[in-house]
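Source file: my_file.tsv; contents: TSV, C-alpha atoms and all ligand atoms.
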```
chain	number	residue	atom	x	y	z
M	1	MET	CA	11.62	-24.64	2.58
M	2	SER	CA	9.40	-25.90	5.38
M	3	GLU	CA	6.83	-28.51	4.43
M	4	ALA	CA	4.83	-27.46	7.47
M	5	LEU	CA	3.88	-24.12	5.88
M	6	MET	CA	0.88	-23.78	3.60
M	7	GLY	CA	2.36	-23.44	0.16
M	8	VAL	CA	0.81	-20.12	-0.84
M	9	TYR	CA	4.10	-18.23	-1.28
M	10	ASN	CA	6.89	-18.53	-3.78
M	11	ARG	CA	9.60	-17.47	-1.33
M	12	ALA	CA	13.01	-16.08	-2.20
M	13	PRO	CA	15.78	-18.34	-0.87
M	14	ILE	CA	16.98	-15.91	1.81
M	15	GLU	CA	16.72	-16.71	5.50
M	16	VAL	CA	16.34	-13.21	6.85
M	17	ASP	CA	17.99	-12.73	10.22
M	18	HIS	CA	17.94	-9.05	11.08
M	19	GLY	CA	17.49	-5.57	9.70
M	20	GLU	CA	18.83	-2.11	10.31
M	21	GLY	CA	17.68	0.94	8.39
M	22	VAL	CA	17.60	0.13	4.67
M	23	TRP	CA	19.66	-3.05	5.09
M	24	LEU	CA	18.66	-6.67	5.69
M	25	THR	CA	21.15	-9.33	6.76
M	26	ALA	CA	20.60	-13.03	6.06
M	27	ARG	CA	21.68	-15.86	8.38
M	28	ASP	CA	24.67	-16.54	6.13
M	29	GLY	CA	25.85	-12.95	6.71
M	30	GLN	CA	24.94	-11.68	3.22
M	31	ARG	CA	23.66	-8.06	3.30
M	32	TYR	CA	20.93	-6.72	1.03
M	33	LEU	CA	19.81	-3.19	0.21
M	34	ASP	CA	16.11	-3.56	0.88
M	35	CYS	CA	13.92	-1.82	-1.69
M	36	VAL	CA	10.99	-4.09	-0.83
M	37	SER	CA	10.55	-2.88	2.77
M	38	GLY	CA	7.93	-5.50	3.56
M	39	ILE	CA	6.14	-4.25	0.41
M	40	ALA	CA	5.99	-0.59	1.43
M	41	THR	CA	5.62	-1.37	5.12
M	42	ASN	CA	8.98	-0.62	6.80
M	43	ALA	CA	8.73	3.02	5.72
M	44	LEU	CA	11.06	4.11	8.51
M	45	GLY	CA	13.57	1.36	7.84
M	46	HIS	CA	14.16	-1.73	9.94
M	47	CYS	CA	14.26	-1.39	13.73
M	48	HIS	CA	13.92	2.38	13.85
M	49	PRO	CA	15.10	3.23	17.39
M	50	VAL	CA	12.06	5.41	18.16
M	51	LEU	CA	9.65	2.62	17.19
M	52	VAL	CA	11.67	0.01	19.08
M	53	ALA	CA	11.57	2.18	22.21
M	54	ALA	CA	7.82	2.80	21.87
M	55	LEU	CA	7.14	-0.93	21.51
M	56	LYS	CA	9.37	-1.90	24.44
M	57	GLN	CA	7.89	0.73	26.70
M	58	GLN	CA	4.32	-0.32	25.91
M	59	ALA	CA	5.18	-4.02	26.26
M	60	GLU	CA	6.06	-3.42	29.92
M	61	LYS	CA	2.77	-1.63	30.54
M	62	LEU	CA	-0.21	-3.14	28.74
M	63	TRP	CA	-0.47	-5.38	25.68
M	64	HIS	CA	-4.12	-5.91	25.05
M	65	VAL	CA	-7.45	-4.69	26.22
M	66	SER	CA	-10.82	-5.12	24.53
M	67	ASN	CA	-12.39	-2.37	22.47
M	68	ILE	CA	-15.18	-2.31	25.03
M	69	PHE	CA	-12.82	-0.04	27.02
M	70	ARG	CA	-11.36	3.36	26.16
M	71	ILE	CA	-7.88	3.01	24.68
M	72	PRO	CA	-6.00	6.33	25.00
M	73	GLY	CA	-3.53	5.48	22.22
M	74	GLN	CA	-6.43	5.03	19.78
M	75	GLU	CA	-7.93	8.36	20.70
M	76	ALA	CA	-4.55	10.04	20.22
M	77	LEU	CA	-3.83	8.41	16.84
M	78	ALA	CA	-7.38	9.01	15.55
M	79	ALA	CA	-7.02	12.71	16.47
M	80	LYS	CA	-3.73	12.92	14.54
M	81	LEU	CA	-5.04	11.09	11.46
M	82	THR	CA	-8.22	13.13	11.25
M	83	ALA	CA	-6.39	16.44	11.83
M	84	ALA	CA	-4.05	15.56	8.95
M	85	SER	CA	-6.74	14.44	6.48
M	86	PHE	CA	-10.25	14.92	5.08
M	87	ALA	CA	-11.59	12.47	7.68
M	88	ASP	CA	-13.50	12.99	10.92
M	89	VAL	CA	-13.40	9.47	12.37
M	90	ALA	CA	-11.17	6.37	12.35
M	91	PHE	CA	-11.66	2.65	12.93
M	92	PHE	CA	-8.51	0.67	13.70
M	93	ALA	CA	-7.89	-2.78	12.24
M	94	ASN	CA	-4.88	-5.11	11.94
M	95	SER	CA	-4.25	-5.09	8.22
M	96	GLY	CA	-4.98	-3.49	4.89
M	97	THR	CA	-7.61	-5.95	3.84
M	98	GLU	CA	-9.50	-5.44	7.10
M	99	ALA	CA	-9.37	-1.69	6.55
M	100	ILE	CA	-10.87	-2.26	3.07
M	101	GLU	CA	-13.55	-4.53	4.57
M	102	CYS	CA	-14.53	-1.74	6.96
M	103	ALA	CA	-14.50	0.81	4.13
M	104	ILE	CA	-16.87	-1.24	1.97
M	105	LYS	CA	-19.19	-1.91	4.92
M	106	THR	CA	-19.16	1.78	5.84
M	107	ALA	CA	-20.19	2.74	2.28
M	108	ARG	CA	-23.03	0.25	2.04
M	109	ARG	CA	-24.25	1.04	5.53
M	110	TYR	CA	-24.29	4.76	4.67
M	111	HIS	CA	-26.79	4.18	1.90
M	112	ALA	CA	-28.87	1.83	4.04
M	113	ALA	CA	-28.98	4.48	6.77
M	114	LYS	CA	-30.06	7.07	4.19
M	115	GLY	CA	-32.98	4.91	3.07
M	116	GLN	CA	-31.33	3.57	-0.11
M	117	PRO	CA	-30.42	-0.04	0.75
M	118	GLN	CA	-30.48	-0.92	-2.96
M	119	ARG	CA	-27.21	0.97	-3.37
M	120	ILE	CA	-24.76	-1.90	-2.86
M	121	ASP	CA	-22.52	-1.92	-5.94
M	122	VAL	CA	-18.84	-1.18	-5.44
M	123	ILE	CA	-17.08	-0.08	-8.63
M	124	GLY	CA	-13.47	-1.27	-8.82
M	125	PHE	CA	-10.81	-1.24	-11.52
M	126	ALA	CA	-8.73	-3.68	-13.48
M	127	GLY	CA	-5.19	-3.96	-12.14
M	128	SER	CA	-6.16	-3.07	-8.60
M	129	PHE	CA	-5.39	-5.01	-5.44
M	130	HIS	CA	-7.23	-4.61	-2.16
M	131	GLY	CA	-6.16	-7.62	-0.11
M	132	ARG	CA	-7.24	-11.22	0.32
M	133	THR	CA	-10.53	-11.31	2.21
M	134	TYR	CA	-13.47	-12.52	0.18
M	135	ALA	CA	-14.79	-8.97	-0.21
M	136	ALA	CA	-11.36	-7.61	-1.15
M	137	VAL	CA	-10.68	-10.18	-3.89
M	138	ASN	CA	-14.15	-9.65	-5.30
M	139	ALA	CA	-13.69	-5.88	-5.24
M	140	ALA	CA	-10.42	-6.09	-7.19
M	141	GLY	CA	-11.77	-8.87	-9.41
M	142	ASN	CA	-8.41	-10.39	-10.39
M	143	PRO	CA	-9.36	-13.93	-11.53
M	144	ALA	CA	-6.08	-15.34	-10.15
M	145	TYR	CA	-7.22	-14.41	-6.64
M	146	CYS	CA	-10.95	-15.21	-7.05
M	147	ASP	CA	-11.04	-18.46	-8.99
M	148	GLY	CA	-11.70	-21.64	-7.05
M	149	PHE	CA	-13.18	-19.87	-4.05
M	150	GLY	CA	-16.82	-20.37	-4.95
M	151	PRO	CA	-19.17	-17.89	-6.54
M	152	ARG	CA	-18.20	-14.29	-7.10
M	153	LEU	CA	-19.98	-12.02	-4.65
M	154	PRO	CA	-22.78	-9.88	-6.05
M	155	GLY	CA	-22.40	-6.12	-5.85
M	156	TYR	CA	-18.90	-5.74	-7.36
M	157	VAL	CA	-18.27	-4.26	-10.78
M	158	GLN	CA	-14.87	-3.92	-12.48
M	159	LEU	CA	-14.05	-1.32	-15.10
M	160	SER	CA	-10.98	-0.30	-17.01
M	161	LEU	CA	-9.35	2.85	-15.63
M	162	ASP	CA	-9.31	4.20	-19.18
M	163	ASP	CA	-13.03	3.73	-19.87
M	164	ALA	CA	-14.51	7.12	-18.93
M	165	PRO	CA	-17.97	6.52	-20.46
M	166	ALA	CA	-18.38	3.23	-18.57
M	167	LEU	CA	-17.36	4.94	-15.33
M	168	ALA	CA	-19.87	7.76	-15.87
M	169	ALA	CA	-22.63	5.20	-16.56
M	170	ALA	CA	-21.70	3.14	-13.50
M	171	ILE	CA	-21.74	6.20	-11.24
M	172	ALA	CA	-25.18	7.16	-12.57
M	173	ALA	CA	-26.62	3.68	-11.92
M	174	PRO	CA	-29.22	3.59	-9.11
M	175	THR	CA	-27.60	0.58	-7.38
M	176	THR	CA	-24.10	2.06	-7.08
M	177	ALA	CA	-22.82	2.61	-3.54
M	178	ALA	CA	-19.18	3.58	-4.01
M	179	VAL	CA	-16.15	3.72	-6.27
M	180	LEU	CA	-13.05	2.06	-4.84
M	181	VAL	CA	-9.68	3.07	-6.25
M	182	GLU	CA	-5.96	3.17	-5.45
M	183	PRO	CA	-4.67	6.69	-6.26
M	184	VAL	CA	-1.43	4.94	-7.20
M	185	GLN	CA	-1.89	1.28	-8.08
M	186	GLY	CA	0.73	-0.78	-6.27
M	187	GLU	CA	0.54	-4.47	-7.16
M	188	GLY	CA	-0.85	-3.49	-10.57
M	189	GLY	CA	2.54	-2.03	-11.49
M	190	ALA	CA	3.08	1.39	-9.87
M	191	ARG	CA	0.47	3.18	-11.94
M	192	ALA	CA	-0.22	6.74	-10.72
M	193	LEU	CA	-3.65	8.10	-11.62
M	194	PRO	CA	-3.63	11.62	-13.10
M	195	VAL	CA	-4.61	14.36	-10.65
M	196	GLU	CA	-7.54	15.38	-12.90
M	197	TRP	CA	-8.84	11.79	-12.94
M	198	LEU	CA	-9.18	11.81	-9.15
M	199	GLN	CA	-10.73	15.29	-9.17
M	200	ASN	CA	-13.26	14.34	-11.87
M	201	LEU	CA	-14.15	11.13	-10.07
M	202	LYS	CA	-14.95	13.04	-6.89
M	203	ALA	CA	-17.05	15.63	-8.73
M	204	MET	CA	-19.05	13.00	-10.62
M	205	ALA	CA	-19.57	10.79	-7.56
M	206	GLN	CA	-20.58	13.66	-5.33
M	207	ALA	CA	-23.15	14.87	-7.85
M	208	ALA	CA	-24.66	11.36	-7.99
M	209	GLY	CA	-24.65	10.72	-4.23
M	210	VAL	CA	-22.03	7.96	-4.64
M	211	LEU	CA	-19.17	7.64	-2.15
M	212	VAL	CA	-15.49	7.60	-3.11
M	213	ILE	CA	-13.23	5.14	-1.30
M	214	HIS	CA	-9.47	5.41	-1.67
M	215	ASP	CA	-7.24	2.46	-0.99
M	216	GLU	CA	-4.05	4.08	0.29
M	217	VAL	CA	-2.84	0.93	2.00
M	218	GLN	CA	0.32	0.96	-0.15
M	219	CYS	CA	0.52	4.51	-1.52
M	220	GLY	CA	-0.40	6.34	1.69
M	221	MET	CA	1.57	7.40	4.78
M	222	GLY	CA	4.24	9.37	2.94
M	223	ARG	CA	5.12	6.89	0.19
M	224	THR	CA	4.46	9.38	-2.63
M	225	GLY	CA	6.10	12.31	-0.81
M	226	ARG	CA	2.84	13.58	0.68
M	227	LEU	CA	1.24	12.06	3.75
M	228	PHE	CA	-1.63	10.78	1.58
M	229	ALA	CA	-1.32	10.20	-2.16
M	230	HIS	CA	-4.63	11.93	-2.97
M	231	GLN	CA	-3.27	15.13	-1.43
M	232	TRP	CA	-1.56	15.66	-4.80
M	233	ALA	CA	-5.12	16.18	-6.15
M	234	PRO	CA	-6.81	18.95	-4.17
M	235	GLY	CA	-10.57	18.58	-4.42
M	236	GLY	CA	-10.16	14.86	-5.15
M	237	GLU	CA	-10.40	13.76	-1.52
M	238	PRO	CA	-12.28	10.53	-0.78
M	239	ASP	CA	-15.20	10.11	1.62
M	240	ILE	CA	-13.63	6.95	3.03
M	241	MET	CA	-10.01	5.75	2.98
M	242	ALA	CA	-8.22	2.54	3.93
M	243	ILE	CA	-4.63	2.75	5.18
M	244	ALA	CA	-2.25	0.19	6.74
M	245	LYS	CA	1.29	-1.02	5.93
M	246	ALA	CA	3.59	1.95	6.75
M	247	MET	CA	1.28	3.12	9.55
M	248	GLY	CA	2.94	0.75	11.97
M	249	GLY	CA	6.43	0.71	10.43
M	250	GLY	CA	6.17	-3.09	10.42
M	251	PHE	CA	3.81	-3.64	13.34
M	252	PRO	CA	0.43	-4.97	12.11
M	253	ILE	CA	-2.07	-2.14	11.96
M	254	GLY	CA	-4.65	-0.70	9.60
M	255	ALA	CA	-7.34	1.94	9.68
M	256	CYS	CA	-10.49	2.99	7.92
M	257	LEU	CA	-10.94	6.76	7.92
M	258	ALA	CA	-14.21	8.47	6.99
M	259	THR	CA	-16.06	11.75	7.12
M	260	HIS	CA	-18.87	12.04	9.71
M	261	GLU	CA	-21.34	11.95	6.83
M	262	ALA	CA	-19.92	8.79	5.22
M	263	ALA	CA	-19.79	7.05	8.61
M	264	ALA	CA	-23.44	7.89	9.29
M	265	GLY	CA	-24.43	4.24	9.36
M	266	MET	CA	-21.62	3.00	11.58
M	267	GLY	CA	-23.30	3.13	14.96
M	268	VAL	CA	-22.78	0.86	17.95
M	269	GLY	CA	-22.55	-2.79	16.91
M	270	ALA	CA	-22.15	-2.12	13.17
M	271	HIS	CA	-18.53	-3.34	13.15
M	272	GLY	CA	-15.84	-4.55	15.51
M	273	THR	CA	-12.53	-6.33	16.07
M	274	THR	CA	-10.72	-8.08	18.90
M	275	PHE	CA	-7.14	-7.01	18.20
M	276	GLY	CA	-7.60	-3.91	16.03
M	277	GLY	CA	-6.24	-0.79	17.72
M	278	ASN	CA	-4.73	-2.61	20.66
M	279	PRO	CA	-2.30	-0.72	22.92
M	280	LEU	CA	0.86	-2.24	21.39
M	281	ALA	CA	-0.21	-1.30	17.86
M	282	MET	CA	-1.26	2.16	19.01
M	283	ALA	CA	2.04	2.85	20.79
M	284	VAL	CA	3.98	2.04	17.60
M	285	GLY	CA	1.37	3.70	15.38
M	286	ASN	CA	1.54	6.98	17.27
M	287	ALA	CA	5.34	6.99	17.20
M	288	ALA	CA	5.39	6.12	13.48
M	289	PHE	CA	2.82	8.79	12.65
M	290	ASP	CA	4.86	11.53	14.32
M	291	LEU	CA	7.90	10.57	12.22
M	292	LEU	CA	6.05	9.99	8.93
M	293	ALA	CA	4.02	13.20	9.11
M	294	ASP	CA	7.17	15.31	9.66
M	295	PRO	CA	7.33	17.70	6.67
M	296	ALA	CA	11.11	17.29	6.58
M	297	LEU	CA	10.75	13.52	6.04
M	298	LEU	CA	8.11	14.05	3.34
M	299	ASP	CA	10.42	16.56	1.58
M	300	HIS	CA	13.21	13.99	1.81
M	301	ALA	CA	10.97	11.24	0.35
M	302	ARG	CA	10.07	13.53	-2.58
M	303	ALA	CA	13.74	14.36	-3.19
M	304	MET	CA	14.76	10.70	-3.09
M	305	GLY	CA	11.87	9.85	-5.42
M	306	ASP	CA	13.15	12.45	-7.89
M	307	ARG	CA	16.68	11.10	-7.57
M	308	PHE	CA	15.47	7.57	-8.31
M	309	ALA	CA	13.37	8.76	-11.26
M	310	ALA	CA	16.34	10.58	-12.82
M	311	GLY	CA	18.83	7.77	-12.19
M	312	LEU	CA	16.52	4.97	-13.28
M	313	GLY	CA	15.40	6.96	-16.33
M	314	ALA	CA	19.02	7.27	-17.45
M	315	LEU	CA	19.64	3.58	-16.73
M	316	VAL	CA	16.61	2.42	-18.71
M	317	ALA	CA	17.59	4.70	-21.63
M	318	GLY	CA	20.82	2.69	-21.95
M	319	TYR	CA	19.08	-0.70	-21.66
M	320	ARG	CA	16.08	-0.58	-24.00
M	321	ASP	CA	16.52	-4.32	-24.59
M	322	VAL	CA	15.95	-4.93	-20.85
M	323	ALA	CA	13.53	-2.24	-19.64
M	324	VAL	CA	11.18	0.26	-21.23
M	325	ASP	CA	9.66	2.59	-18.66
M	326	VAL	CA	10.01	4.11	-15.19
M	327	ARG	CA	6.72	5.00	-13.53
M	328	GLY	CA	4.96	5.55	-10.22
M	329	LYS	CA	5.07	8.42	-7.77
M	330	GLY	CA	7.61	9.38	-5.13
M	331	LEU	CA	9.08	6.22	-3.62
M	332	LEU	CA	6.46	3.92	-5.13
M	333	ILE	CA	8.51	3.18	-8.21
M	334	GLY	CA	7.89	0.75	-11.04
M	335	VAL	CA	10.28	-0.25	-13.81
M	336	LYS	CA	8.53	-1.97	-16.69
M	337	LEU	CA	10.76	-4.65	-18.14
M	338	VAL	CA	11.17	-6.37	-21.47
M	339	VAL	CA	12.75	-9.39	-19.77
M	340	ASN	CA	10.87	-11.44	-17.19
M	341	ASN	CA	10.36	-9.52	-13.93
M	342	ARG	CA	10.66	-12.60	-11.67
M	343	GLU	CA	14.04	-13.42	-13.21
M	344	MET	CA	15.16	-9.81	-12.75
M	345	MET	CA	14.18	-9.95	-9.05
M	346	ALA	CA	16.53	-12.93	-8.66
M	347	THR	CA	19.35	-11.26	-10.65
M	348	ALA	CA	19.03	-8.07	-8.59
M	349	ARG	CA	19.17	-10.21	-5.44
M	350	ASP	CA	22.42	-11.73	-6.70
M	351	HIS	CA	23.75	-8.15	-6.74
M	352	GLY	CA	22.59	-7.45	-3.18
M	353	LEU	CA	19.44	-5.54	-4.12
M	354	LEU	CA	15.92	-6.58	-3.11
M	355	VAL	CA	13.06	-5.43	-5.34
M	356	ALA	CA	9.41	-6.49	-5.48
M	357	GLY	CA	7.44	-7.75	-8.45
M	358	GLY	CA	4.39	-6.07	-9.88
M	359	GLY	CA	1.72	-6.35	-12.55
M	360	ASP	CA	2.41	-5.46	-16.19
M	361	ASN	CA	5.84	-7.14	-15.93
M	362	CYS	CA	7.20	-4.46	-13.58
M	363	ILE	CA	9.66	-4.61	-10.76
M	364	ARG	CA	8.83	-2.25	-7.91
M	365	LEU	CA	11.23	-0.33	-5.71
M	366	LEU	CA	9.59	0.61	-2.42
M	367	PRO	CA	12.48	1.59	-0.15
M	368	PRO	CA	12.14	3.07	3.32
M	369	LEU	CA	11.42	6.81	3.11
M	370	THR	CA	14.57	7.29	5.17
M	371	ILE	CA	16.84	6.00	2.39
M	372	THR	CA	19.86	8.29	1.88
M	373	ALA	CA	21.07	9.75	-1.43
M	374	ALA	CA	24.12	7.44	-1.31
M	375	GLU	CA	21.83	4.42	-0.82
M	376	VAL	CA	19.63	5.52	-3.74
M	377	ASP	CA	22.74	5.71	-5.92
M	378	SER	CA	23.86	2.31	-4.69
M	379	ALA	CA	20.44	0.79	-5.51
M	380	ILE	CA	20.58	2.21	-9.05
M	381	GLU	CA	24.15	0.95	-9.47
M	382	ARG	CA	23.19	-2.55	-8.31
M	383	LEU	CA	20.20	-2.60	-10.65
M	384	GLY	CA	22.55	-1.48	-13.44
M	385	LEU	CA	24.79	-4.46	-12.70
M	386	ALA	CA	21.75	-6.74	-12.79
M	387	PHE	CA	20.70	-5.24	-16.15
M	388	ALA	CA	24.24	-5.77	-17.50
M	389	ALA	CA	24.27	-9.39	-16.32
M	390	THR	CA	20.88	-9.95	-17.96
M	391	ARG	CA	22.12	-8.46	-21.23
M	392	ARG	CA	25.19	-10.72	-21.12
M	393	MET	CA	22.97	-13.77	-20.59
M	394	MET	CA	20.75	-12.74	-23.52
M	395	THR	CA	23.76	-12.23	-25.78
M	396	GLN	CA	25.20	-15.62	-24.82
M	397	ALA	CA	21.86	-17.31	-25.46
M	398	ALA	CA	21.48	-15.67	-28.91
U	401	LIG	C1	-3.34	-1.34	-2.19
U	401	LIG	C2	-3.44	-2.46	-1.21
U	401	LIG	N1	-4.61	-2.67	-0.58
U	401	LIG	C3	-4.77	-3.65	0.32
U	401	LIG	C4	-3.74	-4.51	0.63
U	401	LIG	C5	-3.94	-5.60	1.64
U	401	LIG	O1	-3.22	-5.32	2.78
U	401	LIG	P1	-2.88	-6.51	3.82
U	401	LIG	O2	-1.97	-7.43	3.11
U	401	LIG	O3	-2.27	-5.80	4.98
U	401	LIG	O4	-4.18	-7.15	4.16
U	401	LIG	C6	-2.50	-4.33	0.00
U	401	LIG	C7	-1.39	-5.25	0.28
U	401	LIG	O5	-0.42	-5.36	-0.45
U	401	LIG	C8	-2.35	-3.29	-0.95
U	401	LIG	O6	-1.19	-3.08	-1.59
```

What would you get if you wrote out this structure as structure tokens?
Ligand SMILES: Cc1ncc(COP(=O)(O)O)c(C=O)c1O
Amino acid sequence: MSEALMGVYNRAPIEVDHGEGVWLTARDGQRYLDCVSGIATNALGHCHPVLVAALKQQAEKLWHVSNIFRIPGQEALAAKLTAASFADVAFFANSGTEAIECAIKTARRYHAAKGQPQRIDVIGFAGSFHGRTYAAVNAAGNPAYCDGFGPRLPGYVQLSLDDAPALAAAIAAPTTAAVLVEPVQGEGGARALPVEWLQNLKAMAQAAGVLVIHDEVQCGMGRTGRLFAHQWAPGGEPDIMAIAKAMGGGFPIGACLATHEAAAGMGVGAHGTTFGGNPLAMAVGNAAFDLLADPALLDHARAMGDRFAAGLGALVAGYRDVAVDVRGKGLLIGVKLVVNNREMMATARDHGLLVAGGGDNCIRLLPPLTITAAEVDSAIERLGLAFAATRRMMTQAA
């Protein structure tokens, strides 16, 4: 491990060399079935030829130009994203946390523009994750990510997802600006909110003049088998949405989408970025969008999600001493363990399978949406071997 890197990551001991499709190869030649995908980012697999071609072609033409000029790729991608969603306008950023930052600013600015500047409170939920900027860690409220960074910011309130009366009271409060929620919690442990929960939230918020912000940074762009996760809940659409990760298939990109109404306060000078939406990102983003929004790919992602759910359900049923639950939606899959999830990540790695960790002692499987049925079966088989090895270790220790 390099001593020249800031020590903020607990890195797996793999020196990744290259990737192709669902597979990663380390410098020592070892191959891994990658169900981490850059934490739901390489949704089209590694080095998808269409994305590689789009990037190479743009690299020969124009890399960067300031947002003080028209950028045709932005106009094209914004038109696609708004045509495919509730939104009317898009702002392009470089990451998920920047998309969240824009979403929160858009919500507060909306109320200021409507003559209600006292509406600043953003209601968030326990178990959520919105990124690492100061606003994002305060919005999610996880002490592990807030402590030691000075005072908590005012204007952020955290509730339990299960506390309906507290949510109703918070929405009715005169200082509330917005409710910020992941339709499927990612880092929190692949927790999918019920369709009715999202629909009720929208109805309550709309009646109170409060905006709904969805964080679809992880669960959006096809991950759940629909282009956007909230599309499983008709009538539960947000007013503002943050997306990133899979949008660029691995190229850094994010976006904040909003209705015209919700973006009412975001006039000239209200927000900006140097790199966000630059021509390289837009070339890859447009190419990725066309592939991810293809109904055939979304059908495939749903089918592979069902295959995983069935196979993992059967596996867990035979290993109640190791795992207790399979959850999530589509290809955002969580397996809640009895044994330690960090140790299971290492054991799975020993069997050539890469999985991510998650809250509530889960491991997450977030494979590329392009994963084949044979690769799904191989992932389940490898996890089965890891479960068996864990059981053997437990028996030996007893
Ligand atoms: C739901 C969610 N929101 C926001 C973020 C932050 O995105 P980024 O790391 O690109 O800033 C993440 C990253 O994991 C995420 O999962």

*Quick one: distance from atom CA of M:Ala374 to atom CA of M:Gly311 in Å, one decimal?*
12.1 Å

Using all atoms listed in the file, find each residue of chain M with at least one atom at most 8 Å away from an atom of ligand LIG 401 (chain U); report its shortest atom-to-atom pair and that distance in Å (one decimal), sort the rows by chain and rising residue number, and return the result as JSON lines.
```
{"residue": "M:Ile39", "atom": "CA", "partner": "U:LIG401", "partner_atom": "O5", "distance": 6.7}
{"residue": "M:Asn94", "atom": "CA", "partner": "U:LIG401", "partner_atom": "O3", "distance": 7.5}
{"residue": "M:Ser95", "atom": "CA", "partner": "U:LIG401", "partner_atom": "O3", "distance": 3.9}
{"residue": "M:Gly96", "atom": "CA", "partner": "U:LIG401", "partner_atom": "O1", "distance": 3.3}
{"residue": "M:Thr97", "atom": "CA", "partner": "U:LIG401", "partner_atom": "O4", "distance": 3.6}
{"residue": "M:Glu98", "atom": "CA", "partner": "U:LIG401", "partner_atom": "O4", "distance": 6.3}
{"residue": "M:Ala99", "atom": "CA", "partner": "U:LIG401", "partner_atom": "O4", "distance": 7.9}
{"residue": "M:Ile100", "atom": "CA", "partner": "U:LIG401", "partner_atom": "C3", "distance": 6.8}
{"residue": "M:Ser128", "atom": "CA", "partner": "U:LIG401", "partner_atom": "C1", "distance": 7.2}
{"residue": "M:Phe129", "atom": "CA", "partner": "U:LIG401", "partner_atom": "C2", "distance": 5.3}
{"residue": "M:His130", "atom": "CA", "partner": "U:LIG401", "partner_atom": "C3", "distance": 3.6}
{"residue": "M:Gly131", "atom": "CA", "partner": "U:LIG401", "partner_atom": "C5", "distance": 3.5}
{"residue": "M:Arg132", "atom": "CA", "partner": "U:LIG401", "partner_atom": "O4", "distance": 6.4}
{"residue": "M:Thr133", "atom": "CA", "partner": "U:LIG401", "partner_atom": "O4", "distance": 7.8}
{"residue": "M:Ala136", "atom": "CA", "partner": "U:LIG401", "partner_atom": "C3", "distance": 7.8}
{"residue": "M:Glu182", "atom": "CA", "partner": "U:LIG401", "partner_atom": "C1", "distance": 6.2}
{"residue": "M:Gln185", "atom": "CA", "partner": "U:LIG401", "partner_atom": "C1", "distance": 6.6}
{"residue": "M:Gly186", "atom": "CA", "partner": "U:LIG401", "partner_atom": "O6", "distance": 5.6}
{"residue": "M:Glu187", "atom": "CA", "partner": "U:LIG401", "partner_atom": "O6", "distance": 6.0}
{"residue": "M:Asp215", "atom": "CA", "partner": "U:LIG401", "partner_atom": "C1", "distance": 5.6}
{"residue": "M:Glu216", "atom": "CA", "partner": "U:LIG401", "partner_atom": "C1", "distance": 6.0}
{"residue": "M:Val217", "atom": "CA", "partner": "U:LIG401", "partner_atom": "C2", "distance": 4.7}
{"residue": "M:Gln218", "atom": "CA", "partner": "U:LIG401", "partner_atom": "O6", "distance": 4.5}
{"residue": "M:Cys219", "atom": "CA", "partner": "U:LIG401", "partner_atom": "C1", "distance": 7.0}
{"residue": "M:Ala242", "atom": "CA", "partner": "U:LIG401", "partner_atom": "N1", "distance": 7.8}
{"residue": "M:Ile243", "atom": "CA", "partner": "U:LIG401", "partner_atom": "N1", "distance": 7.9}
{"residue": "M:Ala244", "atom": "CA", "partner": "U:LIG401", "partner_atom": "O3", "distance": 6.2}
{"residue": "M:Lys245", "atom": "CA", "partner": "U:LIG401", "partner_atom": "O3", "distance": 6.0}
{"residue": "M:Pro252", "atom": "CA", "partner": "U:LIG401", "partner_atom": "O3", "distance": 7.7}
{"residue": "M:Ile253", "atom": "CA", "partner": "U:LIG401", "partner_atom": "O3", "distance": 7.9}
{"residue": "M:Gly254", "atom": "CA", "partner": "U:LIG401", "partner_atom": "O3", "distance": 7.3}
```

*asked:* Could you list, as a PyMOL selection string, every residue within 10 Å of M:Ala172, counting all atoms listed in the file and ignoring same-chain residues fewer than 5 positions away?
replied: chain M and resi 166-167+204-205+207-210

*Could you give me, as a VMD selection string, the residues that sit within 8 Å of (17.4, 10.0, -0.5) in the file's coordinates, counting all atoms listed in the file?*
chain M and resid 300 to 301 303 to 305 307 369 to 376

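Near M:Val36, within 6 Å and counting all atoms listed in the file, sit Ile39, Leu354, Val355, Ala356, Leu366 and Pro367 of chain M, not including residues fewer than 3 positions from it in the same chain.
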
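Between atom CA of M:Trp23 and atom CA of M:Leu385 lies a distance of 18.6 Å.
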
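Omitting M:Gly248 and its sequence neighbours fewer than 3 positions away, and counting all atoms listed in the file, the residues within 9 Å are Thr41, Asn42, Ala43, Leu51, Ala244, Lys245, Phe251, Pro252, Ile253, Gly254, Ala281, Met282, Val284, Gly285, Asn286, Ala287, Ala288 and Phe289 of chain M.
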
Please write the residues from the selection above to a file, keeping C-alpha atoms, as a CSV table (one decimal), in the frame of the given file.
```csv
chain,number,residue,atom,x,y,z
M,41,THR,CA,5.6,-1.4,5.1
M,42,ASN,CA,9.0,-0.6,6.8
M,43,ALA,CA,8.7,3.0,5.7
M,51,LEU,CA,9.6,2.6,17.2
M,244,ALA,CA,-2.2,0.2,6.7
M,245,LYS,CA,1.3,-1.0,5.9
M,251,PHE,CA,3.8,-3.6,13.3
M,252,PRO,CA,0.4,-5.0,12.1
M,253,ILE,CA,-2.1,-2.1,12.0
M,254,GLY,CA,-4.6,-0.7,9.6
M,281,ALA,CA,-0.2,-1.3,17.9
M,282,MET,CA,-1.3,2.2,19.0
M,284,VAL,CA,4.0,2.0,17.6
M,285,GLY,CA,1.4,3.7,15.4
M,286,ASN,CA,1.5,7.0,17.3
M,287,ALA,CA,5.3,7.0,17.2
M,288,ALA,CA,5.4,6.1,13.5
M,289,PHE,CA,2.8,8.8,12.6
```
